[in-house]
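Visitor: Got a structure for you, model_11.cif, holding mmCIF, C-alpha atoms.
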```cif
data_input
loop_
_atom_site.label_atom_id
_atom_site.label_comp_id
_atom_site.auth_asym_id
_atom_site.auth_seq_id
_atom_site.Cartn_x
_atom_site.Cartn_y
_atom_site.Cartn_z
CA MET A 184 6.10 40.00 -28.86
CA SER A 185 9.72 39.87 -27.88
CA ARG A 186 11.38 43.05 -26.70
CA GLY A 187 15.09 43.64 -26.43
CA LEU A 188 16.40 43.38 -22.89
CA THR A 189 17.73 46.37 -21.02
CA PRO A 190 21.49 45.88 -20.60
CA SER A 191 23.24 45.90 -17.23
CA GLN A 192 25.68 48.61 -16.12
CA THR A 193 27.89 48.84 -13.06
CA VAL A 194 26.53 50.18 -9.77
CA GLY A 195 29.61 52.43 -9.74
CA PRO A 196 31.39 53.77 -6.65
CA PHE A 197 28.42 55.65 -5.21
CA LEU A 198 25.99 52.74 -4.76
CA GLY A 199 26.11 53.46 -1.04
CA MET A 200 23.83 56.46 -1.64
CA GLY A 201 20.99 54.58 -3.19
CA LEU A 202 20.90 50.91 -2.32
CA PRO A 203 21.56 50.19 1.37
CA TRP A 204 18.59 50.05 3.73
CA PRO A 205 18.91 50.41 7.50
CA ASP A 206 17.07 47.09 7.91
CA GLY A 207 18.71 45.47 4.87
CA PRO A 208 20.98 42.98 6.68
CA PHE A 209 18.14 41.87 8.96
CA VAL A 210 16.15 39.25 7.10
CA VAL A 211 14.88 38.61 10.60
CA ALA A 212 15.38 40.75 13.67
CA GLU A 213 18.44 40.00 15.73
CA GLY A 214 17.48 37.75 18.61
CA THR A 215 14.75 35.96 16.64
CA PRO A 216 14.71 32.32 17.78
CA GLY A 217 16.83 30.32 15.37
CA ALA A 218 18.50 33.36 13.83
CA ILE A 219 21.89 32.78 12.25
CA THR A 220 24.53 35.29 11.18
CA ILE A 221 26.47 34.97 7.95
CA THR A 222 29.53 37.20 7.69
CA GLY A 223 32.38 37.37 5.26
CA ARG A 224 34.66 39.53 3.19
CA LEU A 225 34.45 40.49 -0.46
CA THR A 226 37.93 40.61 -1.99
CA ASP A 227 39.40 41.30 -5.43
CA GLY A 228 42.07 39.58 -7.54
CA ALA A 229 44.86 41.13 -5.46
CA GLY A 230 43.27 39.87 -2.24
CA ASP A 231 42.33 43.41 -1.27
CA PRO A 232 38.95 44.17 0.29
CA VAL A 233 36.21 45.54 -1.96
CA PRO A 234 34.76 48.42 0.07
CA ASP A 235 32.22 49.53 -2.54
CA GLY A 236 30.21 46.38 -3.00
CA LEU A 237 26.73 45.15 -2.12
CA ILE A 238 25.69 41.63 -1.16
CA GLU A 239 22.08 40.53 -1.65
CA THR A 240 20.63 37.19 -0.53
CA TRP A 241 17.43 35.37 -1.44
CA GLN A 242 16.33 32.10 0.14
CA ALA A 243 13.53 29.78 1.23
CA ASP A 244 12.17 29.89 4.77
CA PRO A 245 13.11 27.17 7.29
CA ALA A 246 10.35 24.92 5.92
CA GLY A 247 11.68 25.28 2.38
CA ARG A 248 8.85 27.56 1.26
CA PHE A 249 8.69 30.80 -0.72
CA ASP A 250 6.01 33.43 -0.24
CA HIS A 251 5.72 33.80 -4.02
CA PRO A 252 2.93 33.01 -6.50
CA ASP A 253 5.25 31.17 -8.92
CA ASP A 254 6.11 28.49 -6.37
CA PRO A 255 3.81 25.72 -7.70
CA ARG A 256 3.51 24.15 -4.24
CA GLY A 257 1.39 27.14 -3.26
CA VAL A 258 1.94 29.64 -0.51
CA PRO A 259 1.19 28.55 3.07
CA ALA A 260 -1.98 30.20 4.40
CA GLY A 261 -1.02 33.59 5.75
CA GLY A 262 2.26 33.59 3.84
CA THR A 263 5.56 32.60 5.35
CA GLY A 264 5.95 35.78 7.42
CA PHE A 265 9.54 35.93 6.33
CA ARG A 266 11.16 38.59 4.11
CA ALA A 267 13.65 36.06 2.73
CA PHE A 268 15.68 38.88 1.18
CA GLY A 269 18.81 40.40 2.67
CA ARG A 270 21.00 43.25 1.52
CA CYS A 271 24.23 44.57 3.02
CA PRO A 272 26.85 46.97 1.64
CA THR A 273 30.47 45.98 2.21
CA GLY A 274 32.46 48.03 4.70
CA PRO A 275 35.95 49.54 4.35
CA ASP A 276 37.34 46.08 5.16
CA GLY A 277 35.13 44.41 2.54
CA ARG A 278 33.00 42.86 5.24
CA TYR A 279 29.26 42.19 5.10
CA ARG A 280 26.77 40.61 7.51
CA ILE A 281 23.34 39.01 7.02
CA ILE A 282 21.09 37.93 9.90
CA THR A 283 18.56 35.34 8.81
CA LEU A 284 17.03 31.92 9.43
CA ARG A 285 18.42 28.69 8.04
CA PRO A 286 16.66 27.87 4.78
CA GLY A 287 15.05 24.46 4.38
CA ALA A 288 15.87 21.94 1.68
CA LEU A 289 13.99 22.24 -1.63
CA PRO A 290 12.50 19.73 -4.06
CA SER A 291 14.11 20.00 -7.49
CA PRO A 292 12.13 19.65 -10.73
CA ASP A 293 14.40 16.78 -11.79
CA GLY A 294 13.26 14.75 -8.76
CA GLY A 295 16.25 15.38 -6.51
CA THR A 296 16.55 17.60 -3.48
CA GLU A 297 18.48 20.84 -3.24
CA ALA A 298 20.44 21.25 -0.03
CA PRO A 299 19.67 24.33 2.10
CA HIS A 300 21.17 27.35 0.34
CA LEU A 301 20.90 31.07 -0.28
CA ASP A 302 21.21 32.64 -3.72
CA VAL A 303 23.59 35.60 -3.65
CA SER A 304 23.98 38.60 -5.96
CA VAL A 305 27.22 40.59 -5.74
CA PHE A 306 27.33 44.14 -7.06
CA ALA A 307 30.37 46.45 -7.03
CA ARG A 308 32.19 49.18 -8.82
CA GLY A 309 34.10 47.35 -11.54
CA LEU A 310 31.38 44.71 -12.00
CA LEU A 311 29.48 45.61 -15.15
CA ASP A 312 26.84 43.03 -14.26
CA ARG A 313 26.04 41.36 -10.95
CA VAL A 314 27.74 38.04 -10.28
CA VAL A 315 25.68 35.25 -8.71
CA THR A 316 26.80 32.61 -6.27
CA ARG A 317 25.25 30.34 -3.62
CA ILE A 318 25.84 29.87 0.09
CA TYR A 319 25.60 26.28 1.38
CA PHE A 320 26.30 25.14 4.94
CA ALA A 321 29.23 22.97 6.03
CA ASP A 322 27.12 21.20 8.66
CA GLU A 323 24.74 19.86 5.97
CA ALA A 324 27.25 17.38 4.56
CA ALA A 325 24.71 14.70 3.63
CA ALA A 326 22.34 17.15 1.95
CA ASN A 327 25.24 18.86 0.18
CA ALA A 328 26.46 15.52 -1.16
CA ALA A 329 23.07 15.03 -2.87
CA ASP A 330 22.71 18.59 -4.16
CA PRO A 331 22.51 18.79 -7.96
CA VAL A 332 24.25 22.18 -8.22
CA LEU A 333 27.21 21.13 -6.07
CA ALA A 334 27.35 17.82 -7.92
CA GLY A 335 27.80 19.74 -11.17
CA ILE A 336 31.10 21.20 -9.97
CA ALA A 337 33.72 18.51 -10.36
CA ASP A 338 36.63 20.28 -8.68
CA GLU A 339 36.54 19.83 -4.91
CA ASP A 340 38.40 23.05 -4.16
CA ARG A 341 36.04 25.02 -6.37
CA ARG A 342 33.03 23.38 -4.73
CA ALA A 343 34.38 24.36 -1.31
CA THR A 344 34.08 28.06 -2.23
CA LEU A 345 30.29 27.64 -1.98
CA ILE A 346 30.26 26.27 1.58
CA ALA A 347 29.87 28.57 4.58
CA THR A 348 31.85 27.32 7.55
CA ALA A 349 30.90 27.52 11.21
CA ALA A 350 32.38 30.52 12.98
CA ALA A 351 32.43 31.47 16.63
CA ALA A 352 28.83 32.34 17.49
CA ALA A 353 27.98 35.78 18.75
CA ALA A 354 26.40 35.83 22.18
CA GLY A 355 22.81 34.67 21.97
CA ALA A 356 23.01 33.64 18.33
CA GLU A 357 22.11 30.11 17.26
CA GLY A 358 24.86 29.90 14.77
CA SER A 359 27.41 31.97 13.00
CA TYR A 360 28.82 31.20 9.58
CA ARG A 361 31.68 32.56 7.54
CA PHE A 362 31.34 32.98 3.79
CA ASP A 363 34.06 34.91 1.97
CA ILE A 364 33.61 35.91 -1.66
CA ARG A 365 36.71 36.12 -3.84
CA LEU A 366 35.95 37.78 -7.13
CA GLN A 367 39.09 36.70 -8.95
CA GLY A 368 42.25 34.62 -8.77
CA ALA A 369 43.37 32.23 -6.02
CA GLY A 370 40.36 30.64 -4.36
CA GLU A 371 38.01 32.39 -6.77
CA THR A 372 34.39 31.80 -5.76
CA VAL A 373 32.24 29.81 -8.17
CA PHE A 374 29.82 32.15 -9.95
CA PHE A 375 26.76 30.96 -11.79
CA ASP A 376 24.97 31.84 -14.99
CA VAL A 377 21.31 31.64 -13.96
CA MET B 23 9.29 19.73 6.40
CA THR B 24 6.57 19.65 3.77
CA THR B 25 7.56 18.68 0.27
CA HIS B 26 5.50 17.65 -2.71
CA PRO B 27 6.22 15.05 -5.34
CA PRO B 28 8.58 16.44 -7.97
CA THR B 29 5.97 15.88 -10.67
CA ASP B 30 4.15 18.94 -9.27
CA LEU B 31 7.12 21.15 -9.94
CA ARG B 32 6.48 22.69 -13.31
CA LEU B 33 8.36 25.96 -13.09
CA PRO B 34 8.44 28.98 -15.37
CA SER B 35 11.78 29.55 -17.05
CA TYR B 36 13.55 32.76 -17.96
CA PRO B 37 15.58 32.34 -21.14
CA ARG B 38 19.00 33.92 -20.91
CA ALA B 39 19.95 37.12 -22.71
CA GLY B 40 21.39 36.66 -26.15
CA GLY B 41 24.97 37.62 -26.88
CA GLY B 42 25.86 41.27 -26.96
CA VAL B 43 23.23 42.59 -24.55
CA HIS B 44 25.08 42.59 -21.24
CA PRO B 45 28.66 43.85 -20.96
CA PRO B 46 31.37 41.21 -20.60
CA LEU B 47 32.60 41.34 -16.99
CA ASP B 48 36.15 41.62 -18.30
CA SER B 49 36.02 44.91 -20.23
CA PRO B 50 39.58 46.30 -20.24
CA GLY B 51 38.47 49.79 -21.27
CA TYR B 52 36.86 50.10 -17.84
CA ARG B 53 39.92 49.75 -15.65
CA SER B 54 38.16 48.70 -12.46
CA THR B 55 37.18 45.41 -14.10
CA ALA B 56 40.84 44.29 -14.16
CA LEU B 57 40.94 42.99 -10.58
CA ARG B 58 37.24 42.35 -10.11
CA ALA B 59 36.04 40.37 -13.11
CA PRO B 60 36.16 36.62 -12.35
CA HIS B 61 38.67 34.66 -14.43
CA GLN B 62 36.79 31.37 -14.35
CA PRO B 63 33.84 30.93 -16.70
CA LEU B 64 30.41 31.23 -15.11
CA VAL B 65 28.86 27.85 -14.30
CA LEU B 66 25.54 27.38 -16.06
CA ILE B 67 22.77 26.03 -13.81
CA PRO B 68 19.10 25.35 -14.51
CA GLN B 69 16.61 27.68 -12.87
CA ARG B 70 14.97 26.03 -9.89
CA LEU B 71 12.73 27.32 -7.10
CA THR B 72 15.19 29.84 -5.68
CA GLU B 73 15.81 31.40 -9.10
CA ILE B 74 12.22 31.63 -10.38
CA THR B 75 11.01 33.26 -7.18
CA GLY B 76 12.29 36.54 -5.80
CA PRO B 77 11.57 39.35 -3.38
CA LEU B 78 8.23 41.05 -4.10
CA LEU B 79 9.18 44.40 -2.66
CA GLY B 80 6.63 47.11 -3.08
CA PRO B 81 4.72 49.88 -1.36
CA GLU B 82 6.03 49.01 2.12
CA ARG B 83 9.50 50.20 1.03
CA VAL B 84 8.48 53.66 -0.24
CA THR B 85 6.58 56.82 0.60
CA ALA B 86 4.97 59.03 -2.03
CA ALA B 87 7.65 61.68 -1.39
CA ASP B 88 10.41 59.28 -2.43
CA ALA B 89 9.55 59.70 -6.13
CA ASP B 90 10.08 63.47 -6.11
CA LEU B 91 13.78 64.23 -5.64
CA THR B 92 13.10 67.97 -5.90
CA ARG B 93 11.07 68.09 -2.68
CA GLN B 94 13.21 66.27 -0.16
CA HIS B 95 14.61 69.42 1.48
CA ALA B 96 13.48 72.83 2.67
CA GLY B 97 14.53 74.56 -0.55
CA GLU B 98 14.45 73.75 -4.26
CA PRO B 99 17.52 72.10 -5.77
CA LEU B 100 19.38 73.97 -8.50
CA GLY B 101 19.30 72.73 -12.08
CA GLU B 102 16.95 71.73 -14.81
CA ARG B 103 13.80 70.09 -13.40
CA ILE B 104 12.91 66.91 -15.31
CA ILE B 105 10.36 64.11 -15.27
CA VAL B 106 11.66 60.59 -15.92
CA THR B 107 8.89 58.14 -16.67
CA GLY B 108 8.23 54.87 -18.45
CA ARG B 109 7.26 51.27 -17.89
CA VAL B 110 8.89 48.17 -16.47
CA LEU B 111 8.11 45.24 -18.79
CA ASP B 112 9.35 41.76 -19.39
CA SER B 113 10.73 40.72 -22.75
CA ASP B 114 7.38 39.12 -23.64
CA GLY B 115 5.87 42.61 -23.43
CA ARG B 116 4.05 42.04 -20.15
CA PRO B 117 4.09 45.00 -17.74
CA ILE B 118 5.51 44.30 -14.27
CA PRO B 119 3.23 45.94 -11.70
CA ASP B 120 3.95 46.73 -8.05
CA THR B 121 7.71 46.37 -8.32
CA LEU B 122 10.28 48.52 -6.57
CA LEU B 123 12.62 50.87 -8.46
CA GLU B 124 15.52 52.61 -6.72
CA VAL B 125 17.50 55.47 -8.28
CA TRP B 126 20.55 57.54 -7.38
CA GLN B 127 22.34 60.26 -9.28
CA ALA B 128 24.68 63.27 -9.29
CA ASN B 129 23.32 66.78 -8.90
CA ALA B 130 23.10 69.36 -11.68
CA ALA B 131 26.78 70.21 -11.25
CA GLY B 132 27.87 66.58 -11.61
CA ARG B 133 28.57 65.96 -7.93
CA TYR B 134 27.29 63.06 -5.85
CA GLN B 135 26.24 63.47 -2.23
CA HIS B 136 28.82 60.85 -1.27
CA LYS B 137 32.04 61.17 0.74
CA VAL B 138 34.09 59.38 -1.92
CA ASP B 139 33.18 61.93 -4.61
CA GLN B 140 36.01 64.48 -4.72
CA HIS B 141 35.00 66.28 -7.93
CA PRO B 142 35.46 70.01 -7.18
CA ALA B 143 31.90 70.92 -8.15
CA PRO B 144 29.39 72.26 -5.65
CA LEU B 145 27.18 70.08 -3.52
CA ASP B 146 23.55 71.16 -3.37
CA PRO B 147 22.11 71.21 0.16
CA ASN B 148 18.67 70.81 -1.37
CA PHE B 149 19.45 67.68 -3.37
CA SER B 150 20.26 64.22 -2.06
CA GLY B 151 19.91 62.48 -5.41
CA VAL B 152 18.18 59.34 -4.09
CA GLY B 153 14.66 58.19 -5.01
CA ARG B 154 12.36 55.18 -4.94
CA CYS B 155 9.00 54.29 -6.37
CA VAL B 156 6.77 51.32 -7.13
CA THR B 157 5.27 50.64 -10.56
CA ASP B 158 1.50 50.97 -10.91
CA SER B 159 -0.84 48.27 -12.19
CA ALA B 160 0.30 48.96 -15.79
CA GLY B 161 4.00 48.77 -14.87
CA ARG B 162 4.42 52.56 -15.05
CA TYR B 163 6.87 54.54 -12.93
CA ARG B 164 7.53 58.27 -12.66
CA PHE B 165 10.23 60.35 -10.99
CA MET B 166 10.52 64.12 -10.68
CA THR B 167 14.18 65.12 -10.39
CA ILE B 168 16.97 67.38 -11.62
CA LYS B 169 18.94 66.62 -14.77
CA PRO B 170 22.28 65.24 -13.56
CA GLY B 171 25.51 66.82 -14.76
CA SER B 172 28.44 65.09 -16.44
CA TYR B 173 31.52 64.59 -14.30
CA PRO B 174 35.17 63.59 -14.65
CA TRP B 175 36.53 60.31 -13.34
CA GLY B 176 39.95 58.71 -13.10
CA ASN B 177 39.65 55.90 -15.63
CA HIS B 178 41.94 57.52 -18.22
CA HIS B 179 43.16 60.96 -19.24
CA ASN B 180 40.28 63.40 -19.63
CA ALA B 181 37.65 60.79 -18.83
CA TRP B 182 34.10 62.10 -18.33
CA ARG B 183 30.91 60.16 -17.68
CA PRO B 184 27.88 60.97 -19.82
CA ALA B 185 25.01 62.25 -17.67
CA HIS B 186 23.15 59.31 -16.19
CA ILE B 187 20.80 58.10 -13.46
CA HIS B 188 21.45 54.76 -11.73
CA PHE B 189 18.39 52.45 -11.71
CA SER B 190 17.83 49.26 -9.69
CA MET B 191 14.96 46.86 -10.48
CA PHE B 192 13.76 43.58 -8.93
CA GLY B 193 10.98 42.35 -11.19
CA ARG B 194 9.31 39.22 -9.79
CA ALA B 195 12.12 36.68 -9.87
CA PHE B 196 15.76 36.40 -8.84
CA THR B 197 16.57 35.91 -12.54
CA GLN B 198 15.12 39.34 -13.37
CA ARG B 199 17.23 41.43 -10.99
CA LEU B 200 18.88 44.31 -12.85
CA VAL B 201 20.94 47.35 -11.95
CA THR B 202 21.79 49.70 -14.78
CA GLN B 203 22.17 53.35 -15.84
CA MET B 204 19.82 55.52 -17.87
CA TYR B 205 21.35 58.08 -20.23
CA PHE B 206 20.04 61.12 -22.13
CA SER B 207 19.81 61.39 -25.92
CA ASP B 208 22.47 63.26 -27.87
CA ASP B 209 25.07 63.18 -25.12
CA PRO B 210 28.40 64.20 -26.71
CA LEU B 211 30.30 61.92 -24.33
CA PHE B 212 28.87 58.59 -25.58
CA PRO B 213 31.76 57.83 -27.97
CA TYR B 214 34.31 58.23 -25.16
CA ASP B 215 32.66 56.32 -22.31
CA PRO B 216 33.98 52.78 -21.71
CA ILE B 217 31.06 51.88 -19.43
CA PHE B 218 28.36 52.74 -21.99
CA ASN B 219 30.45 51.15 -24.75
CA SER B 220 31.07 47.97 -22.76
CA ILE B 221 27.73 46.77 -24.15
CA PRO B 222 28.76 44.92 -27.31
CA ASP B 223 25.56 45.35 -29.33
CA PRO B 224 25.01 48.99 -30.41
CA ALA B 225 21.25 48.38 -30.55
CA ALA B 226 21.28 47.19 -26.93
CA ARG B 227 23.32 50.26 -25.94
CA GLU B 228 20.62 52.48 -27.45
CA ARG B 229 18.09 50.88 -25.11
CA LEU B 230 19.74 52.69 -22.18
CA ILE B 231 19.04 56.12 -23.71
CA SER B 232 15.92 57.97 -22.63
CA ARG B 233 14.01 60.08 -25.15
CA PHE B 234 12.66 63.58 -24.74
CA SER B 235 8.85 63.75 -24.85
CA ILE B 236 7.05 67.01 -25.53
CA ASP B 237 3.73 65.27 -24.81
CA LEU B 238 4.71 64.36 -21.26
CA THR B 239 6.51 67.64 -20.60
CA GLU B 240 4.63 69.68 -18.01
CA PRO B 241 4.00 73.22 -19.32
CA ASP B 242 5.81 75.89 -17.31
CA TRP B 243 7.33 73.25 -15.03
CA ALA B 244 9.53 70.36 -16.23
CA LEU B 245 10.84 68.62 -19.35
CA ALA B 246 9.97 64.95 -19.64
CA TYR B 247 12.13 61.99 -20.66
CA THR B 248 10.71 58.53 -21.27
CA TRP B 249 12.53 55.26 -20.77
CA ASP B 250 11.14 51.73 -20.70
CA ILE B 251 12.98 49.00 -18.81
CA VAL B 252 12.80 45.43 -20.15
CA LEU B 253 13.60 42.53 -17.82
CA ARG B 254 13.87 38.86 -18.76
CA GLY B 255 10.54 37.25 -19.64
CA THR B 256 9.22 33.72 -19.28
CA GLY B 257 9.42 32.63 -22.87
CA ALA B 258 7.77 29.40 -23.88
CA THR B 259 11.13 27.83 -24.68
CA PRO B 260 11.84 24.99 -22.25
CA PHE B 261 15.21 25.34 -20.60
CA GLU B 262 17.86 22.85 -21.56
CA ALA B 263 20.55 23.68 -19.07
CA GLN B 264 22.17 20.92 -17.05
CA ASP B 265 24.23 21.44 -13.95
CA GLY B 266 27.84 22.21 -14.65
CA VAL B 267 27.49 21.94 -18.43
CA ARG B 268 28.04 24.89 -20.71
#
```
Any chance you could put this one into structure tokens?
Guide:
Amino acid sequence: MSRGLTPSQTVGPFLGMGLPWPDGPFVVAEGTPGAITITGRLTDGAGDPVPDGLIETWQADPAGRFDHPDDPRGVPAGGTGFRAFGRCPTGPDGRYRIITLRPGALPSPDGGTEAPHLDVSVFARGLLDRVVTRIYFADEAAANAADPVLAGIADEDRRATLIATAAAAAAGAEGSYRFDIRLQGAGETVFFDV
Amino acid sequence: MTTHPPTDLRLPSYPRAGGGVHPPLDSPGYRSTALRAPHQPLVLIPQRLTEITGPLLGPERVTAADADLTRQHAGEPLGERIIVTGRVLDSDGRPIPDTLLEVWQANAAGRYQHKVDQHPAPLDPNFSGVGRCVTDSAGRYRFMTIKPGSYPWGNHHNAWRPAHIHFSMFGRAFTQRLVTQMYFSDDPLFPYDPIFNSIPDPAARERLISRFSIDLTEPDWALAYTWDIVLRGTGATPFEAQDGVR
């Protein structure tokens, strides 16, 4: 039987009480071999920081696997040992930070290959539903060129909003990437209906 | 890297919500949407591996005490003790077991334990207003808490929020992620609240309202409210989305 879906409502201004976890930004522990840091700012249509937002990420492991029963390729024996999920509230300056491993490329049901990416949910006061985007990596140019999602966005400037760029690496980190999210207006990030 | 031939990749799909269920991001009655709702249309993409999987967060994120918001401090919080209980289901009617729920709310006086909340109502040192639990094998959840108060906010002159509890759910897939608010029946503030009324379909709006249950009320202890949460299901309909096409 089909039941009516529960509608979405905004997280409101007090999401910081209920949603952040102390270990949320650490998909892997800092200092894990191969760990990368993704940082950026969440801004509104006036270019001002959004200080009451939450960024969540979901991704494959470095081998392109998910520890999940609906992945028809099966789960590697012993699981992937990787939480794959990150969560970070935005600070007063709109900034967030996720420490993780680079995801692997993924086979696509249509026969192509998806470039390494993270799915992102953005929650905030003033967003009545989450908005969804993707983080790709600037140093995966060949894979990005063959990615079906990126290929579906004709406008080059729009496509560029989905690409994290290399940033100065923190000491000891393998790589550091910058991914800003602009909710509205000039340079507005591409958001997806999934 | 290990990959398999694409012919192996038969994935479940999660049909999208019909019109009227979720609020439009641009809802002028709720002023904070003005600078935060994207102007560009959302880009439709097919669900692939990253979308049909998702974090399976469960018991490792909670302790038994997290589901009882009345016992998180040395003393008892003030207010009307209530039970909030129900099931997490998908739209095909299947219960979703072992999935994490997170809640946060104002206290009985309508004040949040949050530095941004300046409403001149008392804080309660015995109430943090934050809880978590995991559904059981039948998709059931249960919180013991205090009925939250209504409170004023700055959206427009004499704006007051109906009493509500914030709920966050993961389900099993990225497509099922949902954060929403649960309300209480017969709240006099419903007609005036732009957040509740941002949901276009009145029937969908009603699905956010919990119902009093005398059967689940604990004698001499706490009133009970029931509320079921329905996340997107894996209907049999094959998806027809193509990248970049709406």
Visitor: Of the residues B:Ser190, B:Pro184, B:Arg254, B:Arg229, which is the one nearest to Asp208 in chain B, using all atoms listed in the file?
Guide: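 Closest residue, counting all atoms listed in the file: B:Pro184.
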Visitor: On this file, the PyMOL selection byres ((chain A and resi 230) around 10) gives some set of residues; write that set as a ChimeraX atom specification.
Guide: /A:225-229,231-233,365-370 /B:57
Visitor: For the residues selected in the previous step, produce a file with C-alpha atoms as a short mmCIF file (atom, residue, chain, number, x, y, z; two decimals), in the frame of the given file.
Guide:
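To be explicit, this is the file written out as part.cif:
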```cif
data_model
loop_
_atom_site.label_atom_id
_atom_site.label_comp_id
_atom_site.auth_asym_id
_atom_site.auth_seq_id
_atom_site.Cartn_x
_atom_site.Cartn_y
_atom_site.Cartn_z
CA LEU A 225 34.45 40.49 -0.46
CA THR A 226 37.93 40.61 -1.99
CA ASP A 227 39.40 41.30 -5.43
CA GLY A 228 42.07 39.58 -7.54
CA ALA A 229 44.86 41.13 -5.46
CA ASP A 231 42.33 43.41 -1.27
CA PRO A 232 38.95 44.17 0.29
CA VAL A 233 36.21 45.54 -1.96
CA ARG A 365 36.71 36.12 -3.84
CA LEU A 366 35.95 37.78 -7.13
CA GLN A 367 39.09 36.70 -8.95
CA GLY A 368 42.25 34.62 -8.77
CA ALA A 369 43.37 32.23 -6.02
CA GLY A 370 40.36 30.64 -4.36
CA LEU B 57 40.94 42.99 -10.58
#
```
Visitor: Write out as a tab-separated table the residues of chain A that have any atom within 6 Å of an atom of chain B, one row each with the nearest atom pair and its distance in Å to one decimal, counting all atoms listed in the file, sorted by chain and then rising number.
Guide:
```
residue	atom	partner	partner_atom	distance
A:Met184	CA	B:Asp114	CA	5.4
A:Ser185	CA	B:Asp114	CA	4.9
A:Arg186	CA	B:Ser113	CA	4.6
A:Leu188	CA	B:Val252	CA	5.0
A:Thr189	CA	B:Val252	CA	5.1
A:Pro190	CA	B:His44	CA	4.9
A:Ser191	CA	B:Thr202	CA	4.7
A:Gln192	CA	B:Thr202	CA	4.3
A:Gly201	CA	B:Trp126	CA	5.1
A:Asp227	CA	B:Arg58	CA	5.3
A:Gly228	CA	B:Leu57	CA	4.7
A:Ala246	CA	B:Met23	CA	5.3
A:Pro292	CA	B:Leu31	CA	5.3
A:Gly294	CA	B:Pro28	CA	5.0
A:Gly309	CA	B:Ser54	CA	4.4
A:Leu311	CA	B:Leu47	CA	5.6
A:Val332	CA	B:Asp265	CA	5.8
A:Gly335	CA	B:Gly266	CA	4.3
A:Ile336	CA	B:Gly266	CA	5.8
A:Leu366	CA	B:Pro60	CA	5.4
A:Gln367	CA	B:Pro60	CA	4.5
A:Phe374	CA	B:Leu64	CA	5.3
A:Phe375	CA	B:Val65	CA	4.5
A:Asp376	CA	B:Leu66	CA	4.6
A:Val377	CA	B:Ile67	CA	5.8
```
Visitor: Report the residues retrieved by the PyMOL selection byres ((chain A and resi 262-274) around 8) from the displayed file, expressed as a compact mmCIF listing (two decimals) with C-alpha atoms, in the frame of the given file.
Guide:
```
# COMPACT_ATOMS: atom_id res chain seq x y z
CA GLY A 199 26.11 53.46 -1.04
CA PRO A 203 21.56 50.19 1.37
CA TRP A 204 18.59 50.05 3.73
CA GLY A 207 18.71 45.47 4.87
CA PRO A 208 20.98 42.98 6.68
CA PHE A 209 18.14 41.87 8.96
CA VAL A 210 16.15 39.25 7.10
CA VAL A 211 14.88 38.61 10.60
CA ARG A 224 34.66 39.53 3.19
CA LEU A 225 34.45 40.49 -0.46
CA VAL A 233 36.21 45.54 -1.96
CA PRO A 234 34.76 48.42 0.07
CA ASP A 235 32.22 49.53 -2.54
CA GLY A 236 30.21 46.38 -3.00
CA LEU A 237 26.73 45.15 -2.12
CA ILE A 238 25.69 41.63 -1.16
CA GLU A 239 22.08 40.53 -1.65
CA THR A 240 20.63 37.19 -0.53
CA TRP A 241 17.43 35.37 -1.44
CA GLN A 242 16.33 32.10 0.14
CA ALA A 243 13.53 29.78 1.23
CA ASP A 244 12.17 29.89 4.77
CA ARG A 248 8.85 27.56 1.26
CA PHE A 249 8.69 30.80 -0.72
CA ASP A 250 6.01 33.43 -0.24
CA VAL A 258 1.94 29.64 -0.51
CA PRO A 259 1.19 28.55 3.07
CA ALA A 260 -1.98 30.20 4.40
CA GLY A 261 -1.02 33.59 5.75
CA PRO A 275 35.95 49.54 4.35
CA ASP A 276 37.34 46.08 5.16
CA GLY A 277 35.13 44.41 2.54
CA ARG A 278 33.00 42.86 5.24
CA TYR A 279 29.26 42.19 5.10
CA ARG A 280 26.77 40.61 7.51
CA ILE A 281 23.34 39.01 7.02
CA ILE A 282 21.09 37.93 9.90
CA THR A 283 18.56 35.34 8.81
CA PRO B 77 11.57 39.35 -3.38
```
Visitor: In terms of the shortest atom-to-atom distance over only C-alpha atoms, which of B:Ala160, B:Ala181, B:Ile104, B:Ala89 is closest to Leu245 in chain B?
Guide: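 Looking at the shortest contact to Leu245 in chain B, the residue is B:Ile104.
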Visitor: In Å to one decimal, how far is CA of Gly132 in chain B from CA of Gly51 in chain B?
Guide: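 Distance reported for this atom pair: 22.1 Å.
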Visitor: Could you please determine the separation between CA of Ile318 in chain A and CA of Leu122 in chain B in Å, to one decimal place?
Guide: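 Value for the CA of Ile318 in chain A-CA of Leu122 in chain B distance: 25.2 Å.
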Visitor: Which residue, A:Asp253, A:Glu297, A:Asp206, A:Glu213, has the smallest gap to Thr256 in chain B when you use all atoms listed in the file?
Guide: A:Asp253
Visitor: Once the PyMOL selection byres ((chain B and resi 163-166) around 8) has been evaluated on this model, what residues remain selected, and can you format them as a short mmCIF file (atom, residue, chain, number, x, y, z; two decimals) with C-alpha atoms, in the frame of the given file?
Guide:
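Dumped to part_11.cif:
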```cif
data_model
loop_
_atom_site.label_atom_id
_atom_site.label_comp_id
_atom_site.auth_asym_id
_atom_site.auth_seq_id
_atom_site.Cartn_x
_atom_site.Cartn_y
_atom_site.Cartn_z
CA ALA B 89 9.55 59.70 -6.13
CA ASP B 90 10.08 63.47 -6.11
CA LEU B 91 13.78 64.23 -5.64
CA THR B 92 13.10 67.97 -5.90
CA ARG B 103 13.80 70.09 -13.40
CA ILE B 104 12.91 66.91 -15.31
CA ILE B 105 10.36 64.11 -15.27
CA VAL B 106 11.66 60.59 -15.92
CA THR B 107 8.89 58.14 -16.67
CA GLY B 108 8.23 54.87 -18.45
CA ARG B 109 7.26 51.27 -17.89
CA VAL B 110 8.89 48.17 -16.47
CA GLY B 153 14.66 58.19 -5.01
CA CYS B 155 9.00 54.29 -6.37
CA VAL B 156 6.77 51.32 -7.13
CA THR B 157 5.27 50.64 -10.56
CA ASP B 158 1.50 50.97 -10.91
CA GLY B 161 4.00 48.77 -14.87
CA ARG B 162 4.42 52.56 -15.05
CA THR B 167 14.18 65.12 -10.39
CA ILE B 168 16.97 67.38 -11.62
#
```
